[in-house]
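Student: This one is final.cif, mmCIF, C-alpha atoms and all ligand atoms.
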```
data_model
#
loop_
_atom_site.group_PDB
_atom_site.id
_atom_site.type_symbol
_atom_site.label_atom_id
_atom_site.label_comp_id
_atom_site.auth_asym_id
_atom_site.auth_seq_id
_atom_site.Cartn_x
_atom_site.Cartn_y
_atom_site.Cartn_z
ATOM 1 C CA MET F 1 27.921 147.043 82.385
ATOM 2 C CA SER F 2 26.795 149.543 79.764
ATOM 3 C CA ASP F 3 29.837 148.431 77.780
ATOM 4 C CA ASP F 4 28.467 144.952 78.210
ATOM 5 C CA ARG F 5 25.142 145.968 76.774
ATOM 6 C CA ASP F 6 26.793 147.302 73.662
ATOM 7 C CA LEU F 7 28.951 144.220 73.298
ATOM 8 C CA ILE F 8 26.010 141.888 73.823
ATOM 9 C CA ALA F 9 24.004 143.743 71.194
ATOM 10 C CA ARG F 10 26.860 143.341 68.718
ATOM 11 C CA LEU F 11 27.223 139.663 69.526
ATOM 12 C CA ARG F 12 23.526 139.069 69.088
ATOM 13 C CA ARG F 13 23.687 140.771 65.746
ATOM 14 C CA GLY F 14 26.318 138.217 64.757
ATOM 15 C CA ASP F 15 29.225 140.689 64.705
ATOM 16 C CA GLU F 16 32.192 138.363 64.350
ATOM 17 C CA ASP F 17 34.779 140.995 65.313
ATOM 18 C CA ALA F 18 33.030 141.465 68.616
ATOM 19 C CA PHE F 19 33.108 137.736 69.195
ATOM 20 C CA ARG F 20 36.787 137.505 68.265
ATOM 21 C CA ASP F 21 37.607 140.297 70.696
ATOM 22 C CA LEU F 22 35.696 138.598 73.457
ATOM 23 C CA VAL F 23 37.347 135.248 72.835
ATOM 24 C CA GLY F 24 40.733 136.915 72.508
ATOM 25 C CA SER F 25 40.383 138.627 75.847
ATOM 26 C CA LEU F 26 38.893 135.702 77.753
ATOM 27 C CA HIS F 27 40.053 132.401 76.301
ATOM 28 C CA GLY F 28 43.437 132.333 78.024
ATOM 29 C CA ARG F 29 41.998 133.629 81.274
ATOM 30 C CA LEU F 30 39.331 130.929 81.241
ATOM 31 C CA LEU F 31 42.020 128.308 80.705
ATOM 32 C CA ARG F 32 43.963 129.663 83.658
ATOM 33 C CA PHE F 33 40.807 129.585 85.751
ATOM 34 C CA ALA F 34 39.916 126.037 84.718
ATOM 35 C CA ARG F 35 43.441 124.937 85.625
ATOM 36 C CA ALA F 36 43.096 126.744 88.954
ATOM 37 C CA LEU F 37 40.041 124.606 89.639
ATOM 38 C CA GLY F 38 42.308 121.616 89.370
ATOM 39 C CA LEU F 39 41.661 120.422 85.818
ATOM 40 C CA THR F 40 44.486 119.051 83.689
ATOM 41 C CA ALA F 41 45.546 121.138 80.697
ATOM 42 C CA ALA F 42 43.693 118.835 78.310
ATOM 43 C CA LEU F 43 40.469 118.865 80.315
ATOM 44 C CA ALA F 44 40.697 122.600 80.782
ATOM 45 C CA GLU F 45 40.899 123.029 76.989
ATOM 46 C CA GLU F 46 37.777 120.955 76.527
ATOM 47 C CA VAL F 47 35.883 122.717 79.255
ATOM 48 C CA VAL F 48 36.744 126.146 77.881
ATOM 49 C CA GLN F 49 35.667 125.149 74.373
ATOM 50 C CA GLU F 50 32.411 123.852 75.769
ATOM 51 C CA THR F 51 32.094 127.113 77.655
ATOM 52 C CA TRP F 52 32.174 129.103 74.427
ATOM 53 C CA LEU F 53 29.547 126.886 72.844
ATOM 54 C CA ALA F 54 27.388 127.317 75.930
ATOM 55 C CA VAL F 55 27.895 131.080 75.673
ATOM 56 C CA LEU F 56 26.602 131.007 72.106
ATOM 57 C CA ARG F 57 23.636 128.912 73.162
ATOM 58 C CA GLY F 58 22.826 131.158 76.110
ATOM 59 C CA LEU F 59 23.529 134.604 74.764
ATOM 60 C CA GLU F 60 19.981 135.238 73.590
ATOM 61 C CA ARG F 61 18.706 134.461 77.057
ATOM 62 C CA PHE F 62 21.429 136.297 78.978
ATOM 63 C CA GLU F 63 19.658 138.889 81.076
ATOM 64 C CA GLY F 64 22.617 140.984 82.077
ATOM 65 C CA ARG F 65 21.982 140.592 85.767
ATOM 66 C CA SER F 66 25.684 139.940 86.233
ATOM 67 C CA ALA F 67 28.576 141.233 84.189
ATOM 68 C CA LEU F 68 29.121 139.310 80.969
ATOM 69 C CA THR F 69 32.550 138.177 82.164
ATOM 70 C CA THR F 70 31.139 136.872 85.417
ATOM 71 C CA TRP F 71 28.464 134.958 83.555
ATOM 72 C CA ILE F 72 31.078 133.343 81.310
ATOM 73 C CA PHE F 73 33.328 132.426 84.245
ATOM 74 C CA ALA F 74 30.306 130.879 85.945
ATOM 75 C CA ILE F 75 29.536 128.749 82.880
ATOM 76 C CA CYS F 76 33.153 127.661 82.883
ATOM 77 C CA ALA F 77 33.072 126.810 86.598
ATOM 78 C CA ASN F 78 29.928 124.726 86.162
ATOM 79 C CA GLY F 79 31.428 122.979 83.160
ATOM 80 C CA ALA F 80 34.581 122.251 85.133
ATOM 81 C CA ARG F 81 32.590 120.793 87.985
ATOM 82 C CA THR F 82 30.477 118.609 85.722
ATOM 83 C CA ARG F 83 33.551 117.478 83.902
ATOM 84 C CA ALA F 84 35.497 116.678 87.047
ATOM 85 C CA ALA F 85 32.534 114.708 88.391
ATOM 86 C CA ARG F 86 32.368 112.682 85.185
ATOM 87 C CA GLU F 87 36.040 111.838 85.669
ATOM 88 C CA GLY F 88 35.135 110.566 89.116
ATOM 89 C CA ARG F 89 36.746 113.498 90.855
ATOM 90 C CA GLU F 90 35.108 116.423 92.424
ATOM 91 C CA ILE F 91 36.131 119.991 92.981
ATOM 92 C CA PRO F 92 35.727 120.674 96.687
ATOM 93 C CA LEU F 93 34.201 124.124 96.724
ATOM 94 C CA GLY F 94 32.189 125.554 99.521
ATOM 95 C CA ASP F 95 32.932 122.656 101.821
ATOM 96 C CA LEU F 96 35.305 124.331 104.200
ATOM 97 C CA SER F 97 35.694 121.212 106.301
ATOM 98 C CA ARG F 98 37.702 119.834 103.421
ATOM 99 C CA ASP F 99 39.878 122.871 103.045
ATOM 100 C CA PRO F 100 43.016 122.746 105.161
ATOM 101 C CA GLU F 101 42.511 125.098 108.058
ATOM 102 C CA GLU F 102 45.576 127.101 108.776
ATOM 103 C CA PRO F 103 46.181 130.195 110.845
ATOM 104 C CA ALA F 104 47.378 133.185 108.844
ATOM 105 C CA VAL F 105 50.676 133.078 110.724
ATOM 106 C CA ASP F 106 52.336 130.199 112.558
ATOM 107 C CA PRO F 107 51.040 130.497 116.167
ATOM 108 C CA SER F 108 54.523 129.890 117.567
ATOM 109 C CA ARG F 109 55.466 133.323 116.299
ATOM 110 C CA PHE F 110 53.255 134.980 118.910
ATOM 111 C CA ARG F 111 53.633 135.335 122.651
ATOM 112 C CA PRO F 112 50.834 133.922 124.793
ATOM 113 C CA SER F 113 49.429 137.461 124.951
ATOM 114 C CA GLY F 114 48.995 137.401 121.167
ATOM 115 C CA ALA F 115 51.738 139.972 120.557
ATOM 116 C CA TRP F 116 54.433 139.213 118.038
ATOM 117 C CA ALA F 117 57.407 137.230 119.319
ATOM 118 C CA GLN F 118 58.854 136.925 115.840
ATOM 119 C CA PRO F 119 57.513 139.846 113.803
ATOM 120 C CA PRO F 120 57.735 140.125 110.029
ATOM 121 C CA PRO F 121 61.104 141.484 108.895
ATOM 122 C CA ARG F 122 61.159 145.229 108.453
ATOM 123 C CA GLY F 123 60.980 146.308 104.882
ATOM 124 C CA ASP F 124 62.537 149.763 105.217
ATOM 125 C CA ALA F 125 65.586 148.889 103.199
ATOM 126 C CA ARG F 126 63.681 147.069 100.500
ATOM 127 C CA PRO F 127 59.960 147.500 100.483
ATOM 128 C CA PRO F 128 58.045 144.321 99.655
ATOM 129 C CA ASP F 129 56.709 145.882 96.458
ATOM 130 C CA GLU F 130 60.184 146.210 95.171
ATOM 131 C CA ILE F 131 61.134 142.701 96.181
ATOM 132 C CA LEU F 132 58.274 141.315 94.166
ATOM 133 C CA LEU F 133 59.792 142.912 91.111
ATOM 134 C CA SER F 134 62.533 140.341 91.262
ATOM 135 C CA ARG F 135 61.893 137.371 89.082
ATOM 136 C CA GLU F 136 62.841 134.927 91.774
ATOM 137 C CA ALA F 137 60.491 136.308 94.403
ATOM 138 C CA ALA F 138 57.690 136.433 91.864
ATOM 139 C CA SER F 139 58.255 132.836 90.876
ATOM 140 C CA ARG F 140 58.184 131.707 94.522
ATOM 141 C CA VAL F 141 54.812 133.365 94.971
ATOM 142 C CA ARG F 142 53.641 131.831 91.753
ATOM 143 C CA GLU F 143 54.650 128.351 92.866
ATOM 144 C CA ALA F 144 52.815 128.934 96.107
ATOM 145 C CA LEU F 145 49.708 129.934 94.180
ATOM 146 C CA ASP F 146 49.930 126.783 92.088
ATOM 147 C CA ALA F 147 50.272 124.745 95.266
ATOM 148 C CA LEU F 148 47.176 126.160 97.005
ATOM 149 C CA PRO F 149 44.205 123.833 97.461
ATOM 150 C CA PRO F 150 41.875 124.262 94.436
ATOM 151 C CA ALA F 151 39.120 126.137 96.251
ATOM 152 C CA GLN F 152 41.543 128.719 97.650
ATOM 153 C CA ARG F 153 43.329 128.966 94.347
ATOM 154 C CA ALA F 154 40.133 129.513 92.376
ATOM 155 C CA VAL F 155 39.025 132.256 94.759
ATOM 156 C CA VAL F 156 42.408 133.997 94.679
ATOM 157 C CA VAL F 157 42.570 133.817 90.886
ATOM 158 C CA LEU F 158 39.116 135.340 90.477
ATOM 159 C CA ARG F 159 39.406 137.965 93.188
ATOM 160 C CA ASP F 160 43.056 138.986 92.965
ATOM 161 C CA LEU F 161 44.130 138.123 89.448
ATOM 162 C CA GLU F 162 40.876 138.717 87.587
ATOM 163 C CA GLY F 163 39.841 141.449 89.985
ATOM 164 C CA LEU F 164 36.213 140.339 90.175
ATOM 165 C CA PRO F 165 34.300 141.968 93.028
ATOM 166 C CA GLY F 166 33.716 139.652 95.991
ATOM 167 C CA PRO F 167 30.005 139.061 95.321
ATOM 168 C CA GLU F 168 30.759 138.053 91.718
ATOM 169 C CA VAL F 169 33.379 135.574 92.915
ATOM 170 C CA CYS F 170 30.645 134.067 95.093
ATOM 171 C CA ASN F 171 28.321 133.886 92.092
ATOM 172 C CA VAL F 172 30.841 132.183 89.880
ATOM 173 C CA LEU F 173 31.843 129.579 92.421
ATOM 174 C CA GLY F 174 28.526 129.196 94.200
ATOM 175 C CA LEU F 175 30.018 130.182 97.540
ATOM 176 C CA THR F 176 28.569 132.146 100.408
ATOM 177 C CA GLU F 177 30.281 135.450 101.143
ATOM 178 C CA SER F 178 31.702 134.180 104.390
ATOM 179 C CA ASN F 179 33.090 130.952 102.910
ATOM 180 C CA MET F 180 34.550 132.911 100.042
ATOM 181 C CA ARG F 181 36.333 135.241 102.434
ATOM 182 C CA VAL F 182 37.690 132.374 104.494
ATOM 183 C CA LEU F 183 39.163 130.807 101.364
ATOM 184 C CA LEU F 184 40.512 134.142 100.185
ATOM 185 C CA HIS F 185 42.058 134.749 103.585
ATOM 186 C CA ARG F 186 43.766 131.371 103.721
ATOM 187 C CA GLY F 187 45.075 131.690 100.200
ATOM 188 C CA ARG F 188 46.322 135.240 100.579
ATOM 189 C CA SER F 189 47.896 134.524 103.953
ATOM 190 C CA ARG F 190 49.825 131.639 102.470
ATOM 191 C CA LEU F 191 51.145 133.767 99.608
ATOM 192 C CA ARG F 192 52.151 136.592 101.934
ATOM 193 C CA GLY F 193 53.993 134.092 104.119
ATOM 194 C CA VAL F 194 55.960 132.880 101.124
ATOM 195 C CA LEU F 195 57.039 136.417 100.342
ATOM 196 C CA GLU F 196 58.056 136.915 103.961
ATOM 197 C CA ASP F 197 60.085 133.699 104.007
ATOM 198 C CA TYR F 198 61.781 134.878 100.879
ATOM 199 C CA VAL F 199 62.705 138.217 102.448
ATOM 200 C CA ARG F 200 63.831 136.487 105.630
ATOM 201 C CA GLY F 201 66.045 134.200 103.612
ATOM 202 C CA GLY F 202 67.798 137.333 102.406
ATOM 203 C CA GLY F 203 66.244 137.417 98.961
ATOM 204 C CA GLU F 204 68.406 136.628 96.001
ATOM 205 C CA THR F 205 71.785 138.288 95.828
ATOM 206 C CA HIS F 206 70.758 141.556 97.403
ATOM 207 C CA PRO F 207 72.223 142.253 100.826
ATOM 208 C CA GLY F 208 68.752 141.910 102.329
ATOM 209 C CA GLY F 209 66.913 144.154 104.748
ATOM 210 C CA ARG F 210 68.222 146.204 107.580
ATOM 211 C CA THR F 211 69.809 144.293 110.405
ATOM 212 C CA MET J 1 39.767 146.619 123.808
ATOM 213 C CA MET J 2 42.976 146.568 121.871
ATOM 214 C CA LEU J 3 43.321 143.892 119.217
ATOM 215 C CA ALA J 4 46.190 141.470 119.683
ATOM 216 C CA CYS J 5 48.709 141.147 116.875
ATOM 217 C CA ARG J 6 47.587 137.602 116.242
ATOM 218 C CA GLU J 7 43.995 138.783 115.786
ATOM 219 C CA MET J 8 45.273 141.422 113.390
ATOM 220 C CA THR J 9 46.734 138.801 111.097
ATOM 221 C CA GLU J 10 43.373 137.012 111.001
ATOM 222 C CA LEU J 11 41.451 140.229 110.297
ATOM 223 C CA THR J 12 43.677 141.539 107.528
ATOM 224 C CA THR J 13 41.608 140.089 104.690
ATOM 225 C CA ASP J 14 38.356 141.432 106.097
ATOM 226 C CA TYR J 15 40.046 144.792 106.567
ATOM 227 C CA LEU J 16 41.306 144.901 102.984
ATOM 228 C CA GLU J 17 37.962 143.670 101.666
ATOM 229 C CA ARG J 18 36.259 146.389 103.714
ATOM 230 C CA GLN J 19 34.196 143.885 105.604
ATOM 231 C CA LEU J 20 35.027 144.971 109.127
ATOM 232 C CA SER J 21 32.383 146.721 111.176
ATOM 233 C CA TRP J 22 33.027 150.403 111.740
ATOM 234 C CA TRP J 23 34.228 149.726 115.263
ATOM 235 C CA ASP J 24 36.537 146.859 114.283
ATOM 236 C CA ARG J 25 37.938 148.956 111.490
ATOM 237 C CA MET J 26 38.763 151.688 113.971
ATOM 238 C CA ARG J 27 40.442 149.180 116.267
ATOM 239 C CA PHE J 28 42.356 147.748 113.338
ATOM 240 C CA LEU J 29 43.555 151.180 112.218
ATOM 241 C CA MET J 30 44.478 152.145 115.751
ATOM 242 C CA HIS J 31 46.558 149.015 116.059
ATOM 243 C CA ILE J 32 48.529 149.525 112.844
ATOM 244 C CA GLY J 33 49.019 153.116 113.891
ATOM 245 C CA MET J 34 50.859 151.956 116.965
ATOM 246 C CA CYS J 35 52.375 148.615 116.048
ATOM 247 C CA GLY J 36 55.204 148.665 113.514
ATOM 248 C CA ALA J 37 55.184 144.887 113.131
ATOM 249 C CA CYS J 38 51.520 144.736 112.161
ATOM 250 C CA TRP J 39 51.942 147.731 109.915
ATOM 251 C CA GLU J 40 54.693 145.783 108.181
ATOM 252 C CA TYR J 41 52.464 142.733 108.010
ATOM 253 C CA VAL J 42 49.671 144.621 106.297
ATOM 254 C CA ARG J 43 52.145 146.281 103.968
ATOM 255 C CA GLY J 44 53.505 142.885 102.943
ATOM 256 C CA MET J 45 50.001 141.660 102.204
ATOM 257 C CA LYS J 46 49.162 144.729 100.170
ATOM 258 C CA ALA J 47 52.390 144.325 98.233
ATOM 259 C CA VAL J 48 51.486 140.790 97.240
ATOM 260 C CA LEU J 49 48.063 141.879 96.065
ATOM 261 C CA ALA J 50 49.229 145.010 94.270
ATOM 262 C CA ASN J 51 51.881 143.068 92.401
ATOM 263 C CA PHE J 52 49.915 139.960 91.745
ATOM 264 C CA HIS J 53 49.963 140.516 88.017
ATOM 265 C CA ARG J 54 53.748 140.331 88.162
ATOM 266 C CA ILE J 55 53.916 136.829 89.485
ATOM 267 C CA GLY J 56 53.716 135.578 85.975
ATOM 268 C CA THR J 57 50.725 133.346 85.774
ATOM 269 C CA GLU J 58 50.900 134.669 82.280
ATOM 270 C CA VAL J 59 47.937 133.899 80.163
ATOM 271 C CA VAL J 60 49.275 131.693 77.426
ATOM 272 C CA PRO J 61 48.397 133.147 74.036
ATOM 273 C CA PRO J 62 45.625 130.718 73.401
ATOM 274 C CA GLU J 63 45.125 128.673 70.341
ATOM 275 C CA VAL J 64 41.499 129.180 69.778
ATOM 276 C CA PRO J 65 40.122 126.417 67.586
ATOM 277 C CA PRO J 66 38.981 128.005 64.318
ATOM 278 C CA GLU J 67 35.821 125.890 64.404
ATOM 279 C CA LEU J 68 34.638 128.145 67.181
ATOM 280 C CA PHE J 69 34.390 131.044 64.783
ATOM 281 C CA ASP J 70 32.652 128.850 62.217
ATOM 282 C CA ARG J 71 30.157 128.052 64.904
ATOM 283 C CA PHE J 72 29.672 131.723 65.547
ATOM 284 C CA ARG J 73 29.087 132.424 61.870
ATOM 285 C CA ASN J 74 26.481 129.681 61.682
ATOM 286 C CA TRP J 75 25.029 130.498 65.016
ATOM 287 C CA LYS J 76 22.287 132.726 63.733
ATOM 288 C CA ARG J 77 21.291 130.495 60.875
HETATM 289 ZN ZN ZN Q 1 50.577 144.315 116.271
#
```
Represent the structure of the file as structure tokens.

Tutor:
Amino acid sequence: MSDDRDLIARLRRGDEDAFRDLVGSLHGRLLRFARALGLTAALAEEVVQETWLAVLRGLERFEGRSALTTWIFAICANGARTRAAREGREIPLGDLSRDPEEPAVDPSRFRPSGAWAQPPPRGDARPPDEILLSREAASRVREALDALPPAQRAVVVLRDLEGLPGPEVCNVLGLTESNMRVLLHRGRSRLRGVLEDYVRGGGETHPGGRT
Amino acid sequence: MMLACREMTELTTDYLERQLSWWDRMRFLMHIGMCGACWEYVRGMKAVLANFHRIGTEVVPPEVPPELFDRFRNWKR
């Protein structure tokens, strides 16, 4: 955050290069985040532009209690929520009753004792890391991410793509720690399952794992 | 008490987020030490997370509206 302090000082001084750098590094990521919250491309554009104007309005008052990036993502999240509400929709965050509850793994894959009946395929021949290098596997996981319910998707994007620490994800989305982790867990479990299905299906043209 | 494999799959996020109590963490580690299937499960999850940037939710090179920078220039005035 000491980097932040320097950057904020430059911005407050009206240093346009600093502002261009900030916009350059964040604009696309904010768009991705706004889309993850379920906004259309056009609405996301508007919300992100409004976000930048709100940043300019708020910068003098920004107290640096959170990281600058977190603060900007939070402005964007609030803007997205307001905007969605105005369109008569709402972004269901924090209301876990409206998030599809799903076990991490299909219960039929376990014995009554809770031990695996159908364990994940062994990755000795091709470790999962390596599989994800293939374009096809990566695009399956990507489709699965796009298909997650918005609350899960927003949490996964902030935590796993943006790499924000858990508490900052909670700040941005206005979630409690425990709700955030439930959403993260559901989202991650779904994506892992997609990778497993892919491996089980034999992957692309590779001969697949050990038999 | 040994954790069941099914419980392991539900605790994996808390484990990776370092949110398990000391005792549950020990039980979790003991289980993956002994159970190849759960070890594989956790490895698969870690692989997804470690390679997340590869899944190509590429950030589109944004077209930032030039007015934004005009706004910045006029911001202080
Ligand atoms: Zn196990």

Student: Applied to the shown file, which residues does the PyMOL selection byres (((not hetatm)) within 6 of (chain Q and resi 1)) return, written as a VMD selection string?

Tutor: chain J and resid 5 35 37 to 38

Student: Assuming the chain letters and numbering stay as they are in my file, what does the PyMOL selection byres ((chain F) within 7 of (chain J)) actually select? List them as a VMD selection string.

Tutor: chain F and resid 14 27 to 29 32 104 to 105 110 114 to 116 119 to 120 122 128 to 129 132 138 to 139 141 to 142 160 to 161 185 192

Student: Using only C-alpha atoms, which of the listed residues (F:Thr70, F:Ser108, F:Thr51, F:Thr40) sits closest to Ala84 (chain F)?

Tutor: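 Closest candidate: F:Thr40.
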
Student: Report, in Å to a single decimal, how far apart CA of Asp4 (chain F) and CA of Ser178 (chain F) are.

Tutor: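 Interatomic distance here is 28.5 Å.
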
Student: Do a neighbour search on Pro92 (chain F) at 10 Å with only C-alpha atoms, toss out local chain neighbours closer than 6 positions, and write the hits as a list in words.

Tutor: Leu37, Gly38, Arg81, Arg98, Asp99, Pro149, Pro150, Ala151 and Gln152 of chain F

Student: With distances taken over only C-alpha atoms, which of F:Val155, F:Leu164, F:Met180, F:Ala80 is nearest to Leu39 (chain F)?

Tutor: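 Using only C-alpha atoms, Leu39 (chain F) sits closest to F:Ala80.
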
Student: Can you tell me, as a ChimeraX atom specification, what residues are no more than 12 Å from Ala18 (chain F) when counting only C-alpha atoms, ignoring any on the same chain fewer than 3 positions away?

Tutor: /F:3-4,6-15,21-25 /J:69,72-73

Student: Work out how far CA of Val47 (chain F) is from CA of Asn78 (chain F), in Å to one decimal.

Tutor: 9.3 Å

Student: When you draw a straight line from CA of Ala154 (chain F) to CA of Glu50 (chain F), how long is it in Å?

Tutor: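 CA of Glu50 (chain F) lies at a distance of 19.2 Å from CA of Ala154 (chain F).
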
Student: Skipping near chain neighbours, those fewer than 3 positions away, what residues fall within 8 Å of Leu68 (chain F) using all atoms listed in the file, listed as a VMD selection string?

Tutor: chain F and resid 1 4 64 71 to 72

Student: Would you mind telling me which residue in F:Gly79, F:Ser66, F:Ile131, F:Gly201 lies nearest to Pro167 (chain F) when using only C-alpha atoms?

Tutor: F:Ser66

Student: Find the axis-aligned box for region 98-102 of chain F, covering all its listed atoms and adding 8 Å on each side, and write its centre and edge lengths in Å to one decimal as JSON.

Tutor:
```
{"center_x": 41.6, "center_y": 123.5, "center_z": 105.9, "size_x": 23.9, "size_y": 23.3, "size_z": 21.7}
```

Student: Give the answer as one residue: which of F:Leu133, F:Asp197, F:Arg181, F:Leu43 has the shortest atom-to-atom distance to Leu20 (chain J), using only C-alpha atoms?

Tutor: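 Of all the options, F:Arg181 lies closest to Leu20 (chain J).
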